[in-house]
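Engineer: Below is the file input-v1.pdb, which contains PDB, C-alpha atoms.
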MODEL        1
ATOM      1  CA  MET W 922      -0.915   1.451  -9.475
ATOM      2  CA  LYS W 923      -2.121   3.723 -12.249
ATOM      3  CA  PRO W 924       0.435   6.199 -13.698
ATOM      4  CA  GLY W 925       0.556   9.425 -11.747
ATOM      5  CA  MET W 926      -1.037   8.026  -8.591
ATOM      6  CA  SER W 927       0.433   8.906  -5.219
ATOM      7  CA  LEU W 928       1.524   6.553  -2.429
ATOM      8  CA  ILE W 929      -0.725   3.517  -1.938
ATOM      9  CA  ARG W 930      -3.136   3.753   0.996
ATOM     10  CA  HIS W 931      -4.620   0.609   2.513
ATOM     11  CA  TYR W 932      -7.567   0.305   4.895
ATOM     12  CA  LEU W 933      -6.742  -2.633   7.160
ATOM     13  CA  GLN W 934      -7.815  -1.254  10.563
ATOM     14  CA  PHE W 935      -9.983   1.667  11.638
ATOM     15  CA  LYS W 936      -6.952   3.452  13.065
ATOM     16  CA  ASP W 937      -5.359   3.581   9.597
ATOM     17  CA  LEU W 938      -7.116   6.925   9.017
ATOM     18  CA  ARG W 939      -7.137  10.113  11.085
ATOM     19  CA  ALA W 940     -10.200  11.894  12.482
ATOM     20  CA  GLU W 941      -9.835  14.597   9.838
ATOM     21  CA  GLU W 942      -9.856  11.973   7.079
ATOM     22  CA  TYR W 943     -13.003  10.417   8.531
ATOM     23  CA  ALA W 944     -14.691  13.813   8.518
ATOM     24  CA  TYR W 945     -13.890  14.036   4.817
ATOM     25  CA  LEU W 946     -15.114  10.480   4.145
ATOM     26  CA  PHE W 947     -18.397  11.054   5.962
ATOM     27  CA  GLY W 948     -18.924  14.231   3.945
ATOM     28  CA  ARG W 949     -18.296  12.362   0.709
ATOM     29  CA  THR W 950     -20.626   9.560   1.851
ATOM     30  CA  ARG W 951     -23.443  12.053   2.317
ATOM     31  CA  ILE W 952     -22.911  13.461  -1.187
ATOM     32  CA  ILE W 953     -22.612  10.027  -2.819
ATOM     33  CA  LYS W 954     -25.676   8.683  -1.003
ATOM     34  CA  THR W 955     -27.738  11.738  -1.949
ATOM     35  CA  ARG W 956     -26.813  11.259  -5.607
ATOM     36  CA  PHE W 957     -27.814   7.589  -5.361
ATOM     37  CA  LYS W 958     -31.194   8.456  -3.814
ATOM     38  CA  ASN W 959     -31.804  11.062  -6.525
ATOM     39  CA  TYR W 960     -30.913   8.590  -9.310
ATOM     40  CA  GLU W 961     -28.020  10.800 -10.386
ATOM     41  CA  ARG W 962     -25.373   8.996 -12.402
ATOM     42  CA  TYR W 963     -21.957   9.254 -10.728
ATOM     43  CA  GLN W 964     -19.210   6.996 -12.056
ATOM     44  CA  PRO W 965     -15.753   8.272 -11.079
ATOM     45  CA  LEU W 966     -14.335   4.721 -11.011
ATOM     46  CA  ALA W 967     -15.045   3.905 -14.653
ATOM     47  CA  ASP W 968     -12.421   1.496 -16.040
ATOM     48  CA  ARG W 969     -11.356   0.524 -12.504
ATOM     49  CA  THR W 970     -11.603  -3.083 -11.306
ATOM     50  CA  LEU W 971     -12.232  -4.317  -7.767
ATOM     51  CA  ALA W 972     -11.121  -7.843  -6.813
ATOM     52  CA  MET W 973     -13.151  -9.296  -3.936
ATOM     53  CA  ILE W 974     -11.537 -12.263  -2.181
ATOM     54  CA  PHE W 975     -13.692 -14.248   0.230
ATOM     55  CA  GLU W 976     -12.323 -16.860   2.607
ATOM     56  CA  LYS W 977     -15.309 -16.213   4.906
ATOM     57  CA  ALA W 978     -18.871 -16.351   3.586
ATOM     58  CA  SER W 979     -20.709 -13.071   3.141
ATOM     59  CA  THR W 980     -24.026 -11.487   2.243
ATOM     60  CA  ARG W 981     -23.811  -7.778   3.124
ATOM     61  CA  THR W 982     -20.091  -7.429   2.369
ATOM     62  CA  ARG W 983     -20.420  -8.933  -1.095
ATOM     63  CA  VAL W 984     -23.594  -7.095  -2.087
ATOM     64  CA  SER W 985     -22.443  -3.736  -0.708
ATOM     65  CA  PHE W 986     -19.018  -3.810  -2.386
ATOM     66  CA  GLU W 987     -20.191  -5.317  -5.660
ATOM     67  CA  ALA W 988     -23.246  -3.084  -6.091
ATOM     68  CA  GLY W 989     -21.266  -0.080  -4.914
ATOM     69  CA  MET W 990     -18.425  -0.625  -7.383
ATOM     70  CA  TYR W 991     -20.855  -1.062 -10.291
ATOM     71  CA  GLN W 992     -22.711   2.104  -9.266
ATOM     72  CA  MET W 993     -19.396   3.976  -9.300
ATOM     73  CA  GLY W 994     -18.773   2.787 -12.883
ATOM     74  CA  GLY W 995     -16.254   0.061 -12.142
ATOM     75  CA  THR W 996     -16.184  -3.696 -12.588
ATOM     76  CA  VAL W 997     -15.782  -6.542 -10.105
ATOM     77  CA  VAL W 998     -13.910  -9.862  -9.985
ATOM     78  CA  HIS W 999     -15.242 -12.231  -7.314
ATOM     79  CA  LEU W1000     -12.940 -14.908  -5.875
ATOM     80  CA  THR W1001     -13.478 -17.506  -3.150
ATOM     81  CA  THR W1002     -11.159 -20.113  -1.637
ATOM     82  CA  SER W1003     -12.660 -22.722  -3.963
ATOM     83  CA  ASP W1004     -11.681 -20.836  -7.120
ATOM     84  CA  SER W1005      -8.407 -19.181  -6.113
ATOM     85  CA  GLN W1006      -4.994 -20.255  -4.836
ATOM     86  CA  LEU W1007      -4.809 -17.738  -1.984
ATOM     87  CA  GLY W1008      -2.831 -19.322   0.851
ATOM     88  CA  ARG W1009      -3.221 -22.870  -0.482
ATOM     89  CA  ALA W1010      -1.012 -23.935  -3.372
ATOM     90  CA  GLU W1011       0.440 -20.428  -3.594
ATOM     91  CA  PRO W1012       1.840 -18.151  -0.879
ATOM     92  CA  VAL W1013      -0.289 -15.125  -0.014
ATOM     93  CA  GLU W1014       2.580 -12.865  -1.010
ATOM     94  CA  ASP W1015       2.684 -14.327  -4.532
ATOM     95  CA  SER W1016      -1.088 -14.051  -4.936
ATOM     96  CA  ALA W1017      -0.834 -10.391  -3.953
ATOM     97  CA  ARG W1018       1.917  -9.723  -6.474
ATOM     98  CA  VAL W1019      -0.121 -11.278  -9.295
ATOM     99  CA  ILE W1020      -3.644 -10.050  -8.485
ATOM    100  CA  SER W1021      -2.524  -6.483  -7.830
ATOM    101  CA  ARG W1022      -1.003  -6.287 -11.330
ATOM    102  CA  MET W1023      -4.403  -7.028 -12.859
ATOM    103  CA  VAL W1024      -6.859  -4.957 -10.804
ATOM    104  CA  ASP W1025      -7.005  -1.483  -9.255
ATOM    105  CA  ILE W1026      -8.179  -2.263  -5.716
ATOM    106  CA  VAL W1027      -8.686  -5.394  -3.579
ATOM    107  CA  MET W1028     -11.133  -6.238  -0.794
ATOM    108  CA  ILE W1029     -10.381  -9.309   1.341
ATOM    109  CA  ARG W1030     -12.646 -11.042   3.865
ATOM    110  CA  THR W1031     -10.561 -13.633   5.671
ATOM    111  CA  PHE W1032      -9.642 -15.167   9.023
ATOM    112  CA  GLU W1033      -6.276 -14.002  10.403
ATOM    113  CA  GLN W1034      -5.350 -10.328  10.168
ATOM    114  CA  SER W1035      -1.785 -11.463   9.489
ATOM    115  CA  LYS W1036      -2.861 -12.901   6.112
ATOM    116  CA  LEU W1037      -4.456  -9.580   5.143
ATOM    117  CA  ASP W1038      -1.358  -7.680   6.295
ATOM    118  CA  ALA W1039       0.907  -9.968   4.243
ATOM    119  CA  PHE W1040      -1.223  -9.464   1.139
ATOM    120  CA  ALA W1041      -1.222  -5.677   1.562
ATOM    121  CA  ALA W1042       2.553  -5.602   2.088
ATOM    122  CA  HIS W1043       3.050  -7.139  -1.370
ATOM    123  CA  SER W1044       0.222  -5.397  -3.226
ATOM    124  CA  ARG W1045       0.711  -2.648  -5.797
ATOM    125  CA  VAL W1046      -2.864  -1.387  -5.234
ATOM    126  CA  PRO W1047      -4.998  -0.420  -2.204
ATOM    127  CA  VAL W1048      -6.284  -3.270  -0.030
ATOM    128  CA  ILE W1049      -9.438  -3.048   2.104
ATOM    129  CA  ASN W1050     -10.289  -5.213   5.101
ATOM    130  CA  GLY W1051     -13.748  -6.707   4.486
ATOM    131  CA  LEU W1052     -13.507  -8.519   7.862
ATOM    132  CA  THR W1053     -10.919 -10.504   9.778
ATOM    133  CA  ASN W1054     -10.999 -12.319  13.115
ATOM    134  CA  GLU W1055      -9.501  -9.225  14.724
ATOM    135  CA  TYR W1056     -11.144  -6.226  12.997
ATOM    136  CA  HIS W1057     -14.152  -5.126  10.931
ATOM    137  CA  PRO W1058     -13.415  -1.485   9.990
ATOM    138  CA  CYS W1059     -15.903  -1.113   7.119
ATOM    139  CA  GLN W1060     -18.774  -2.072   9.417
ATOM    140  CA  ILE W1061     -17.800   0.481  12.065
ATOM    141  CA  LEU W1062     -17.319   3.048   9.295
ATOM    142  CA  ALA W1063     -20.971   2.461   8.367
ATOM    143  CA  ASP W1064     -22.114   2.441  11.992
ATOM    144  CA  VAL W1065     -20.464   5.754  12.836
ATOM    145  CA  TYR W1066     -21.844   7.344   9.678
ATOM    146  CA  THR W1067     -25.326   6.071  10.553
ATOM    147  CA  PHE W1068     -25.043   7.649  13.999
ATOM    148  CA  ILE W1069     -23.944  10.963  12.472
ATOM    149  CA  GLU W1070     -26.794  10.805   9.967
ATOM    150  CA  HIS W1071     -29.363  10.392  12.761
ATOM    151  CA  ARG W1072     -27.839  12.252  15.723
ATOM    152  CA  GLY W1073     -24.901  14.386  14.565
ATOM    153  CA  ASP W1074     -21.276  14.300  15.683
ATOM    154  CA  ILE W1075     -20.269  11.215  17.687
ATOM    155  CA  LYS W1076     -17.415  13.015  19.453
ATOM    156  CA  GLY W1077     -18.003  13.146  23.212
ATOM    157  CA  LYS W1078     -20.823  10.584  23.073
ATOM    158  CA  VAL W1079     -21.113   7.166  24.770
ATOM    159  CA  VAL W1080     -21.395   3.924  22.810
ATOM    160  CA  ALA W1081     -22.386   0.785  24.757
ATOM    161  CA  TRP W1082     -21.139  -2.549  23.462
ATOM    162  CA  VAL W1083     -23.008  -5.513  24.976
ATOM    163  CA  GLY W1084     -21.618  -8.961  24.207
ATOM    164  CA  ASP W1085     -18.528 -10.661  22.847
ATOM    165  CA  GLY W1086     -15.201  -8.816  22.850
ATOM    166  CA  ASN W1087     -14.769  -9.719  19.181
ATOM    167  CA  ASN W1088     -13.575  -8.014  16.001
ATOM    168  CA  MET W1089     -16.464  -5.539  16.192
ATOM    169  CA  ALA W1090     -15.629  -4.586  19.785
ATOM    170  CA  ASN W1091     -11.941  -4.187  18.909
ATOM    171  CA  THR W1092     -12.832  -1.871  16.042
ATOM    172  CA  TRP W1093     -15.295   0.160  18.133
ATOM    173  CA  LEU W1094     -12.447   0.728  20.597
ATOM    174  CA  GLN W1095     -10.173   1.967  17.809
ATOM    175  CA  ALA W1096     -12.958   4.273  16.628
ATOM    176  CA  ALA W1097     -13.448   5.650  20.149
ATOM    177  CA  ASP W1098      -9.753   6.477  20.315
ATOM    178  CA  VAL W1099      -9.629   8.105  16.865
ATOM    179  CA  LEU W1100     -12.951   9.967  16.976
ATOM    180  CA  GLY W1101     -13.068  10.988  20.632
ATOM    181  CA  PHE W1102     -16.009   9.153  22.167
ATOM    182  CA  THR W1103     -16.272   6.699  25.089
ATOM    183  CA  LEU W1104     -16.900   2.990  24.674
ATOM    184  CA  HIS W1105     -18.746   1.127  27.440
ATOM    185  CA  VAL W1106     -18.152  -2.630  27.198
ATOM    186  CA  SER W1107     -19.867  -5.457  29.054
ATOM    187  CA  SER W1108     -18.995  -9.081  28.296
ATOM    188  CA  PRO W1109     -19.214 -12.378  30.193
ATOM    189  CA  GLY W1110     -16.086 -13.474  32.053
ATOM    190  CA  GLY W1111     -13.485 -14.820  29.635
ATOM    191  CA  TYR W1112     -15.034 -13.098  26.618
ATOM    192  CA  GLY W1113     -13.972  -9.507  27.263
ATOM    193  CA  ILE W1114     -12.257  -7.056  24.982
ATOM    194  CA  ASP W1115      -8.451  -6.991  24.904
ATOM    195  CA  PRO W1116      -7.139  -3.424  24.360
ATOM    196  CA  GLN W1117      -3.792  -4.899  23.274
ATOM    197  CA  VAL W1118      -5.428  -6.689  20.338
ATOM    198  CA  ALA W1119      -7.203  -3.451  19.444
ATOM    199  CA  GLY W1120      -3.869  -1.670  19.760
ATOM    200  CA  VAL W1121      -5.336   1.116  21.875
ATOM    201  CA  GLY W1122      -3.388   2.445  24.844
ATOM    202  CA  ASN W1123      -5.750   5.329  25.647
ATOM    203  CA  ALA W1124      -7.538   4.099  28.781
ATOM    204  CA  ARG W1125      -9.826   7.151  28.866
ATOM    205  CA  CYS W1126     -11.919   5.958  25.912
ATOM    206  CA  LEU W1127     -12.816   2.566  27.449
ATOM    207  CA  LYS W1128     -14.931   1.650  30.466
ATOM    208  CA  THR W1129     -15.790  -1.961  31.285
ATOM    209  CA  PHE W1130     -18.799  -3.205  33.248
ATOM    210  CA  LYS W1131     -19.724  -6.589  34.686
ATOM    211  CA  ASN W1132     -23.429  -5.815  34.405
ATOM    212  CA  PRO W1133     -24.635  -5.049  30.839
ATOM    213  CA  LEU W1134     -27.390  -2.831  32.215
ATOM    214  CA  ASP W1135     -24.750  -0.573  33.786
ATOM    215  CA  ALA W1136     -22.884  -0.369  30.471
ATOM    216  CA  CYS W1137     -26.045   0.961  28.815
ATOM    217  CA  ARG W1138     -26.708   3.704  31.369
ATOM    218  CA  GLY W1139     -26.550   7.089  29.656
ATOM    219  CA  ALA W1140     -25.421   5.624  26.317
ATOM    220  CA  HIS W1141     -26.264   7.436  23.092
ATOM    221  CA  LEU W1142     -25.899   4.225  21.101
ATOM    222  CA  VAL W1143     -26.349   0.599  22.189
ATOM    223  CA  THR W1144     -24.937  -2.061  19.894
ATOM    224  CA  THR W1145     -24.195  -5.773  19.882
ATOM    225  CA  ASP W1146     -23.338  -8.773  17.703
ATOM    226  CA  VAL W1147     -24.036 -12.490  17.588
ATOM    227  CA  TRP W1148     -22.764 -14.524  20.538
ATOM    228  CA  THR W1149     -20.804 -16.865  18.258
ATOM    229  CA  SER W1150     -18.825 -15.224  15.473
ATOM    230  CA  MET W1151     -17.851 -17.024  12.278
ATOM    231  CA  GLY W1152     -14.992 -19.433  12.957
ATOM    232  CA  PHE W1153     -16.012 -20.084  16.572
ATOM    233  CA  GLU W1154     -18.941 -22.421  15.890
ATOM    234  CA  ALA W1155     -17.428 -25.197  18.033
ATOM    235  CA  GLU W1156     -17.969 -22.959  21.079
ATOM    236  CA  ASN W1157     -21.626 -22.280  20.288
ATOM    237  CA  GLU W1158     -23.268 -24.239  23.124
ATOM    238  CA  ALA W1159     -20.841 -22.947  25.770
ATOM    239  CA  ARG W1160     -21.348 -19.391  24.529
ATOM    240  CA  LYS W1161     -25.141 -19.674  24.656
ATOM    241  CA  LYS W1162     -24.909 -20.480  28.363
ATOM    242  CA  ALA W1163     -22.290 -17.833  29.123
ATOM    243  CA  PHE W1164     -24.101 -15.008  27.306
ATOM    244  CA  LEU W1165     -27.655 -15.532  28.606
ATOM    245  CA  ALA W1166     -27.680 -12.221  30.537
ATOM    246  CA  TRP W1167     -26.206 -10.296  27.587
ATOM    247  CA  CYS W1168     -29.363  -9.970  25.501
ATOM    248  CA  VAL W1169     -30.101  -6.328  24.673
ATOM    249  CA  ASP W1170     -33.698  -5.868  25.800
ATOM    250  CA  ALA W1171     -36.120  -3.032  26.510
ATOM    251  CA  ARG W1172     -34.758  -2.624  30.039
ATOM    252  CA  MET W1173     -31.255  -1.936  28.715
ATOM    253  CA  MET W1174     -32.544   0.516  26.116
ATOM    254  CA  ALA W1175     -34.547   2.299  28.822
ATOM    255  CA  ALA W1176     -31.325   2.778  30.812
ATOM    256  CA  ALA W1177     -29.717   4.537  27.845
ATOM    257  CA  GLN W1178     -30.444   8.098  26.713
ATOM    258  CA  PRO W1179     -34.127   8.663  25.786
ATOM    259  CA  ASP W1180     -33.161   9.115  22.128
ATOM    260  CA  ALA W1181     -30.517   6.362  22.080
ATOM    261  CA  LEU W1182     -30.136   4.346  18.903
ATOM    262  CA  PHE W1183     -29.764   0.580  18.594
ATOM    263  CA  MET W1184     -27.452  -1.026  16.021
ATOM    264  CA  HIS W1185     -26.505  -4.558  15.031
ATOM    265  CA  CYS W1186     -24.138  -5.504  12.195
ATOM    266  CA  LEU W1187     -26.371  -8.486  11.210
ATOM    267  CA  PRO W1188     -27.236 -11.273  10.825
ATOM    268  CA  ALA W1189     -29.193 -11.128  14.093
ATOM    269  CA  HIS W1190     -30.679 -13.866  16.260
ATOM    270  CA  ARG W1191     -33.804 -12.460  17.913
ATOM    271  CA  GLY W1192     -34.147 -13.802  21.440
ATOM    272  CA  GLU W1193     -30.384 -14.346  21.814
ATOM    273  CA  GLU W1194     -28.169 -11.242  21.631
ATOM    274  CA  VAL W1195     -31.137  -8.912  21.070
ATOM    275  CA  ALA W1196     -34.842  -8.978  21.865
ATOM    276  CA  ALA W1197     -37.215  -8.731  18.915
ATOM    277  CA  GLU W1198     -38.880  -5.678  20.489
ATOM    278  CA  VAL W1199     -35.541  -3.855  20.342
ATOM    279  CA  ILE W1200     -34.244  -4.728  16.873
ATOM    280  CA  ASP W1201     -37.706  -4.233  15.392
ATOM    281  CA  GLY W1202     -38.509  -1.257  17.609
ATOM    282  CA  PRO W1203     -38.473   2.507  16.989
ATOM    283  CA  GLN W1204     -34.898   3.043  18.270
ATOM    284  CA  SER W1205     -33.416   0.497  15.873
ATOM    285  CA  VAL W1206     -31.589   1.809  12.797
ATOM    286  CA  VAL W1207     -30.207  -1.543  11.647
ATOM    287  CA  TRP W1208     -31.595  -1.278   8.113
ATOM    288  CA  ASP W1209     -30.130   2.193   7.570
ATOM    289  CA  GLU W1210     -26.895   0.830   9.037
ATOM    290  CA  ALA W1211     -26.886  -2.084   6.572
ATOM    291  CA  GLU W1212     -27.544   0.159   3.560
ATOM    292  CA  ASN W1213     -24.858   2.602   4.639
ATOM    293  CA  ARG W1214     -22.201  -0.101   4.274
ATOM    294  CA  MET W1215     -22.530   0.410   0.531
ATOM    295  CA  HIS W1216     -22.357   4.198   0.632
ATOM    296  CA  VAL W1217     -19.380   4.518   3.002
ATOM    297  CA  GLN W1218     -17.483   1.872   1.039
ATOM    298  CA  LYS W1219     -18.084   3.797  -2.184
ATOM    299  CA  ALA W1220     -16.608   6.887  -0.524
ATOM    300  CA  LEU W1221     -13.704   4.805   0.804
ATOM    301  CA  MET W1222     -12.879   3.306  -2.598
ATOM    302  CA  GLU W1223     -13.101   6.743  -4.218
ATOM    303  CA  TYR W1224     -10.697   8.121  -1.608
ATOM    304  CA  LEU W1225      -8.172   5.262  -1.849
ATOM    305  CA  LEU W1226      -8.140   5.358  -5.648
ATOM    306  CA  LEU W1227      -8.591   9.052  -6.478
ATOM    307  CA  GLY W1228      -7.655  10.954  -3.328
ATOM    308  CA  ARG W1229      -9.705  13.979  -2.366
ATOM    309  CA  ILE W1230     -12.370  15.196  -4.749
ATOM    310  CA  GLY W1231     -12.691  18.951  -5.139
TER
ENDMDL
END
I need this file expressed as C-alpha cells, please.

Structural biologist:
Amino acid sequence: MKPGMSLIRHYLQFKDLRAEEYAYLFGRTRIIKTRFKNYERYQPLADRTLAMIFEKASTRTRVSFEAGMYQMGGTVVHLTTSDSQLGRAEPVEDSARVISRMVDIVMIRTFEQSKLDAFAAHSRVPVINGLTNEYHPCQILADVYTFIEHRGDIKGKVVAWVGDGNNMANTWLQAADVLGFTLHVSSPGGYGIDPQVAGVGNARCLKTFKNPLDACRGAHLVTTDVWTSMGFEAENEARKKAFLAWCVDARMMAAAQPDALFMHCLPAHRGEEVAAEVIDGPQSVVWDEAENRMHVQKALMEYLLLGRIG
C-alpha cells in the first residue's frame, strides 16, 4: 500500500460495495467514458502497476483491464499459470505476499472463489475478481451501467435471466439485492440458481420460473450466457439437451417490455442460448455492454486506489 493510503478495499463479490458506492462509481464511469470518447487525456493512475493473473483464459477481461490501465496512465504485468507459481509450487498466500509488495493492484481470473479470497486475505493491495466459478462482479458492473446508460435507474425494474444458474446468475442476484430490482430466473431442472451460493437471503428480489417465456414477461432487461461455462466442458453434450428450450428468441423478447434490452456477456453461440435475430437485433446492446467493461473497471480501479475524486 502506498504511504498515506487508507484501509485496503477489495472487490471480490458484487455485494462488497453499497448502493451509494455504486451510484458514485456509475457517475465516475460516465465522466471517464466521456473523456475517453472526447480524446481527453486522463491519467490519475500514473506510476501505478496492475498485476493481472489468469488461471482461466480471457479475451474481454484481459483487453478491458490492460487497455483501461494504460489509458489511466498505469502499467500492467500479465501472468498466467504457465509463467507463475500461483497455487502450484507456491501457496497462494505466499504468492499474494510477494506480488502485492511489487504492484499497486491485482486482478485475478481463476476457478474457485476460495483461492481469490485467500489471495486477498494476504495481499497488501486491492484485489479485483476478474471471474471465478461462483461470481463475475465486473461483468455485472458493466451490465448495470449499460442499462442505466440506455434506460436510466435500474431500481424497481425487472431483469430476466434465462439459462444456467452460474456465476453470472449468482452475481445478478447479489446486484438485485444491493440495487433494489427484481431478478426473474428460469433454468432447466438441476441447473437452477442457489441463493445460498449467492449469499442472498432477501427472497423478495428473486422469482423463479419453470418456463423461460414466463420469466421474460414484463422484463426491462433479458439476459443470458452460454449453456456450458468454462470448466464444465465435460458436461457439454448433456447441457445441450437440457437447455434446448432456453434459447432467448424473438418470442421471449416480445413477452418483455416493448423497450426491453437484451444483453449477453459474450462469447455467444447463436442458435444455442440466443437466436441470431435477438443478439443482432435492435434491442441488443451487447457491444456497448462489452465496451463498458473497460470504462467501469477504470472507475473501479480509480476508486480502490485513490478513493473518491472531488

Engineer: For the point (-31.3, -1.2, 29.6) in file coordinates, what residues are within 10 Å, counting all atoms listed in the file? Give the answer as a ChimeraX atom specification?

Structural biologist: /W:1133-1140,1143,1168-1178

Engineer: Counting all atoms listed in the file, which of W:Leu966, W:Ala1124, W:Ile1029, W:Ala1159 gets nearest to W:Gly995?

Structural biologist: W:Leu966

Engineer: Enter the distance from atom CA of W:Pro1109 to atom CA of W:Trp1093, in Å, rounded to one decimal.

Structural biologist: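 That distance, rounded to one decimal, is 17.8 Å.
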
Engineer: Using only C-alpha atoms, which of the listed residues (W:Lys954, W:Arg939, W:His1185, W:Arg969) sits closest to W:Met990?

Structural biologist: W:Arg969

Engineer: Nearest to W:Val1048 among W:Asp937, W:Asp1115, W:Asp1074, W:Glu976, with distances taken over all atoms listed in the file: which residue is it?

Structural biologist: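 Smallest distance to W:Val1048 is found for W:Asp937.
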
Engineer: Using only C-alpha atoms, determine which residues lie at most 10 Å from stretch 1057-1068 of chain W, disregarding the query and same-chain residues fewer than 3 positions distant; provide the list as a PyMOL selection string.

Structural biologist: chain W and resi 932-937+943-944+946-948+950-951+981-982+1030+1049-1054+1071-1075+1087-1093+1095-1096+1100+1141-1142+1144+1181-1186+1206-1218+1221

Engineer: Rounded to one decimal in Å, what is the spacing between atom CA of W:Ala1220 and atom CA of W:Ser985?

Structural biologist: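 Atom-to-atom, atom CA of W:Ala1220 and atom CA of W:Ser985 are spaced 12.1 Å apart.
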
Engineer: Under the rule that only C-alpha atoms are counted, which of W:Met1023, W:Gln992, W:Leu1165, W:Asp1180 is the nearest residue to W:Pro1203?

Structural biologist: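 Among the listed residues, the smallest separation from W:Pro1203 belongs to W:Asp1180.
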
Engineer: In terms of the shortest atom-to-atom distance over all atoms listed in the file, which of W:Pro1047, W:Gly1231, W:Pro965, W:Gly1084 is closest to W:Val1195?

Structural biologist: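 Checking each candidate against W:Val1195, we get W:Gly1084 as the closest.
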
Engineer: Looking at W:Glu941, W:Asp1025, W:Asp1038, W:Glu987, which one is nearest to W:Val1013, with distances taken over all atoms listed in the file?

Structural biologist: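 Once distances to W:Val1013 are computed over all atoms listed in the file, the minimum belongs to W:Asp1038.
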
Engineer: Expand the PyMOL selection byres ((chain W and resi 1036) around 10) into the individual residues it matches in the shown file, reporting them as a ChimeraX atom specification.

Structural biologist: /W:1007-1008,1012-1014,1029,1031-1035,1037-1042,1053

Engineer: Report as a ChimeraX atom specification all protein, DNA and RNA residues lying within 6 Å of W:Gln964, evaluated on only C-alpha atoms, omitting residues in the same chain fewer than 3 positions from it.

Structural biologist: /W:967,993-994

Engineer: Give me the result of the PyMOL selection byres ((chain W and resi 972) around 8) on this file, residue by residue, as a PyMOL selection string.

Structural biologist: chain W and resi 970-971+973-974+997-1000+1020+1024-1028

Engineer: So which residues get picked by the PyMOL selection byres ((chain W and resi 1163) around 10) here, written as a tab-separated table (two decimals) with C-alpha atoms, keeping the file's coordinate frame?

Structural biologist:
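Saved as expr.tsv:
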chain	number	residue	atom	x	y	z
W	1108	SER	CA	-19.00	-9.08	28.30
W	1109	PRO	CA	-19.21	-12.38	30.19
W	1110	GLY	CA	-16.09	-13.47	32.05
W	1111	GLY	CA	-13.48	-14.82	29.64
W	1112	TYR	CA	-15.03	-13.10	26.62
W	1148	TRP	CA	-22.76	-14.52	20.54
W	1157	ASN	CA	-21.63	-22.28	20.29
W	1158	GLU	CA	-23.27	-24.24	23.12
W	1159	ALA	CA	-20.84	-22.95	25.77
W	1160	ARG	CA	-21.35	-19.39	24.53
W	1161	LYS	CA	-25.14	-19.67	24.66
W	1162	LYS	CA	-24.91	-20.48	28.36
W	1164	PHE	CA	-24.10	-15.01	27.31
W	1165	LEU	CA	-27.66	-15.53	28.61
W	1166	ALA	CA	-27.68	-12.22	30.54
W	1167	TRP	CA	-26.21	-10.30	27.59

Engineer: One number please: atom CA of W:Val1046 to atom CA of W:Arg983, in Å, one decimal.

Structural biologist: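 Separating atom CA of W:Val1046 from atom CA of W:Arg983 is a distance of 19.6 Å.
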
Engineer: Given 8 Å of margin on each side, can you work out the centre and size in Å (one decimal) of an axis-aligned box holding every listed atom of stretch 1088-1102 of chain W, as AutoDock Vina command-line options?

Structural biologist:
--center_x -13.0 --center_y 1.5 --center_z 19.1 --size_x 22.8 --size_y 35.0 --size_z 22.2
